[in-house]
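K.L.:
I have a structure here, written as structure tokens, and I will follow up with some questions on it.
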Number of protein chains: 2
Amino acid sequence: MPKVGMEPIRRQQLITATVAAIDEVGLADATVMRIARHAGVSAGIISHYFGGKDGLLEATMRQILSDLGEAVAARRAALSTDAPRAHLEAIIDGNFDRSQVTGPVAKTWLAFWASSMHKPELARLQNVNDRRLYANLCHQFRRLMPREQARDAARALAAMIDGLWLRGALTPEGQDTDRARRLAREYLEQLLVAHDLAAPQTAPLSLES
Amino acid sequence: MPKVGMEPIRRQQLITATVAAIDEVGLADATVMRIARHAGVSAGIISHYFGGKDGLLEATMRQILSDLGEAVAARRAALSTDAPRAHLEAIIDGNFDRSQVTGPVAKTWLAFWASSMHKPELARLQNVNDRRLYANLCHQFRRLMPREQARDAARALAAMIDGLWLRGALTPEGQDTDRARRLAREYLEQLLVAHDLAAPQTAPLSLES
DNA sequence: TTTTATTGATTGAACGTTCAATAAAAAAAT
DNA sequence: ATTTTTTTATTGAACGTTCAATCAATAAAA
């Protein structure tokens with residue numbers, strides 16, 4: 001049923017179908033035919049709109065990363081306060097959106113993560129995203145503590161977020177998003193408390209670690 | 001040059017070659033021919049010793065997991081004390097051995113991790129390992145705090161370990177093992193301090209989170 | 001009638017597996 | 001010691017399958 005202006009519709013259909021196919025059988029068995037069948041179109045159309053399978057995979061990863069970035073940005077924009085703690089919590093919550101919205105996205109994300117180690121273009125996209133998370137966290141921590149401490153806090157919280165999310169994606173029972181978010185928030189709490197204890201003049205004990 | 005008793009030698013060669021091939025081009029492009037070339041043998045021998053490519057991949061994952069388990073067990077066995085804290089530190093150190101010894105192993109591990117989502121046999125192996133880490137951590141924390149707190153601490157520390165390790169594997173500059181281990185140890189410190197502050201009678205402040 | 005969108009059979013390359021042939025070592029026979 | 005036989009390990013060409021990409025044919029809309 002050829003109509004004009006199909007391009008954006010087909011592109012979205014195919015990206016959605018790619019995520020569905022990867023969720024179903026994994027990246028290795030997500031053939032162009034299977035993806036096309038999911039979208040209800042023929043295999044040839046993929047090369048027509050994305051130049052080939054690689055183009056479609058890249059576009060899919062790009063959209064997942066973009067969705068994640070927007071989820072974080074939206075929550076931060078909705079904040080009425082400027083407090084570092086509120087922004088850090090918004091970043092945490094935004095990062096757990098990606099799996100909350102759709103389970104299949106988590107599998108796709110991990111598949112791309114592994115694949116990015118040997119595909120330069122995917123590695124580039126993944127790196128940009130990694131740096132953004134780290135930079136956002138670091139910037140907020142920097143308002144509360146000296147640079148080196150802030151860097152370590154950002155590295156550790158980023159690792160905690162990724163680790164919780166990764167374990168959730170692999171768990172047979174599926175992601176327990178609420179618990180993951182709670183644990184991440186509790187860790188943030190610990191980071192802030194640990195700093196409050198160490199730095200201010202009202203320190204109740206001298207705790208050298 | 002056929003000699004008797006080649007089996008264990010060839011099996012080890014092929015497993016090592018598999019890790020090398022995955023490190024080089026990724027799991028998707030690690031063909032039997034490439035693996036065989038790495039080991040200096042012909043492609044056919046893989047089916048002979050492992051029944052097929054899948055058998056070789058499974059054996060490779062099994063060895064990586066087994067090496068990790070032994071690294072942890074060895075460090076714990078070497079402890080002179082029975083203190084929970086010492087065991088927890090040994091578990092952390094043991095888990096960072098896997099990437100310390102060989103960088104390629106990290107890539108292989110992650111590749112299997114992603115692949116295990118759709119290959120039941122790999123999923124089984126990965127699950128056994130996950131549970132072991134969690135159970136080990138949980139058992140030690142249980143000696144210091146109530147059950148629910150211990151479970152959360154174990155979940156969080158496991159996530160932190162995996163997250164640090166994952167980020168290290170993906171970083172272009174390669175894993176900074178020392179820093180990762182330091183961050184994990186500092187987190188453990190925070191977990192223990194947070195509990196010491198909340199529980200004992202000498203609590204300096206009432207910190208309800 | 002022209003343009004745009006889509007199909008699906010075809011093509012060529014690449015893959016894992018198989019198996020008859022081979023070669024080296026070990027064992028047996030001379 | 002030398003030769004023959006048996007066993008074991010290994011090869012690599014052939015086979016069948018699967019895949020992504022191509023493109024002439026087609027069909028709906030403009």
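We name chains A, B, ... following the order of the structure tokens; residues begin at 1 in each chain, and ligands are numbered from 1 as shown.
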Define the interface residues of chain B facing chain A as those within 9 Å, counting only C-alpha atoms, and report them as a ChimeraX atom specification.
P.N.:
/B:23-28,107,110-118,123,127,130,152-153,155-167,169-172,180,183-184,186-187,189-191,193-194,204-205,209
K.L.:
Give me, as a list in words, the residues of chain C touching chain A, with the criterion being at most 12 Å (counting only C-alpha atoms (C1' of nucleotides)).
P.N.:
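Per the criterion, chain C yields DT3, DT4, DA5, DT6, DT7, DG8 and DA9 of chain C.
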K.L.:
If you keep N, CA, C and O atoms (P, O5', C5', C4', C3', O3' and C1' of nucleotides), can you produce a file of those selected residues as a tab-separated table (two decimals), in the first residue's frame?
P.N.:
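Dumped to part_16.tsv:
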chain	number	residue	atom	x	y	z
C	3	DT	P	8.06	11.48	-13.57
C	3	DT	O5'	7.75	11.15	-12.04
C	3	DT	C5'	6.75	11.91	-11.36
C	3	DT	C4'	6.43	11.25	-10.02
C	3	DT	C3'	7.66	10.74	-9.25
C	3	DT	O3'	7.62	11.26	-7.94
C	3	DT	C1'	6.03	9.04	-9.39
C	4	DT	P	8.86	11.17	-6.93
C	4	DT	O5'	8.37	10.07	-5.88
C	4	DT	C5'	7.07	10.19	-5.31
C	4	DT	C4'	6.70	8.90	-4.62
C	4	DT	C3'	7.84	8.29	-3.78
C	4	DT	O3'	7.38	8.14	-2.46
C	4	DT	C1'	6.84	6.64	-5.20
C	5	DA	P	8.31	7.53	-1.31
C	5	DA	O5'	7.74	6.05	-1.23
C	5	DA	C5'	6.34	5.87	-1.18
C	5	DA	C4'	6.01	4.39	-1.14
C	5	DA	C3'	6.89	3.57	-0.20
C	5	DA	O3'	6.04	2.73	0.57
C	5	DA	C1'	6.95	2.62	-2.37
C	6	DT	P	6.68	1.78	1.73
C	6	DT	O5'	6.85	0.41	0.94
C	6	DT	C5'	5.66	-0.20	0.40
C	6	DT	C4'	6.02	-1.40	-0.43
C	6	DT	C3'	6.88	-2.45	0.29
C	6	DT	O3'	6.03	-3.53	0.64
C	6	DT	C1'	7.47	-2.16	-2.01
C	7	DT	P	6.65	-4.78	1.46
C	7	DT	O5'	6.84	-5.85	0.30
C	7	DT	C5'	5.76	-6.07	-0.61
C	7	DT	C4'	6.25	-6.80	-1.85
C	7	DT	C3'	6.91	-8.15	-1.55
C	7	DT	O3'	6.13	-9.17	-2.13
C	7	DT	C1'	8.16	-6.86	-3.14
C	8	DG	P	5.99	-10.58	-1.32
C	8	DG	O5'	7.03	-11.47	-2.11
C	8	DG	C5'	7.00	-11.49	-3.53
C	8	DG	C4'	8.34	-11.99	-4.06
C	8	DG	C3'	8.97	-13.12	-3.24
C	8	DG	O3'	9.67	-13.98	-4.13
C	8	DG	C1'	10.48	-11.38	-3.41
C	9	DA	P	9.37	-15.56	-4.07
C	9	DA	O5'	10.12	-16.09	-5.38
C	9	DA	C5'	9.94	-15.41	-6.61
C	9	DA	C4'	11.29	-15.14	-7.28
C	9	DA	C3'	12.27	-16.31	-7.19
C	9	DA	O3'	12.90	-16.48	-8.46
C	9	DA	C1'	13.25	-14.36	-6.25
K.L.:
Point out the residue among C:DT18, C:DG12, C:DA29, C:DA23 with the least atom-to-atom distance to DT22 in chain D, counting only C-alpha atoms (C1' of nucleotides).
P.N.:
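Of all the options, C:DG12 lies closest to DT22 in chain D.
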K.L.:
With the cut-off set at 9 Å and counting only C-alpha atoms (C1' of nucleotides), tabulate each residue of chain D with an atom at most that distance from an atom of chain B, showing the nearest atom pair and its distance in Å to one decimal, ordered by chain and increasing number, as JSON lines.
P.N.:
{"residue": "D:DT8", "atom": "C1'", "partner": "B:Val4", "partner_atom": "CA", "distance": 6.7}
{"residue": "D:DA9", "atom": "C1'", "partner": "B:Pro2", "partner_atom": "CA", "distance": 4.7}
{"residue": "D:DT10", "atom": "C1'", "partner": "B:Pro2", "partner_atom": "CA", "distance": 7.2}
{"residue": "D:DT11", "atom": "C1'", "partner": "B:Ser42", "partner_atom": "CA", "distance": 6.6}
{"residue": "D:DG12", "atom": "C1'", "partner": "B:Ser42", "partner_atom": "CA", "distance": 7.9}
K.L.:
Could you name the residues that touch range 66-81 of chain B at 12 Å or less, counting only C-alpha atoms (C1' of nucleotides), but leaving out those on the same chain fewer than 6 positions away, as an MDAnalysis selection string?
P.N.:
chainID B and resid 59:60 87:102 105:106 109 125:126 128:133 136:137 140
K.L.:
Can you pull out every residue within 10 Å of Met145 in chain A, counting only C-alpha atoms (C1' of nucleotides), but drop anything in the same chain fewer than 5 positions away, and send it as a list in words?
P.N.:
Gln140, Ala150, Arg151, Ala153, Leu192, His195, Asp196 and Ala199 of chain A
K.L.:
Now that the selection is made, can you save its residues with C-alpha atoms as a compact mmCIF listing (two decimals), in the first residue's frame?
P.N.:
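Writing done, so here's result_4.txt:
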# COMPACT_ATOMS: atom_id res chain seq x y z
CA GLN A 140 26.66 17.61 40.82
CA ALA A 150 33.61 14.00 43.38
CA ARG A 151 35.22 11.99 40.60
CA ALA A 153 31.74 9.35 43.81
CA LEU A 192 26.27 12.14 50.97
CA HIS A 195 30.86 13.23 53.11
CA ASP A 196 28.85 15.14 55.70
CA ALA A 199 34.05 17.21 56.27
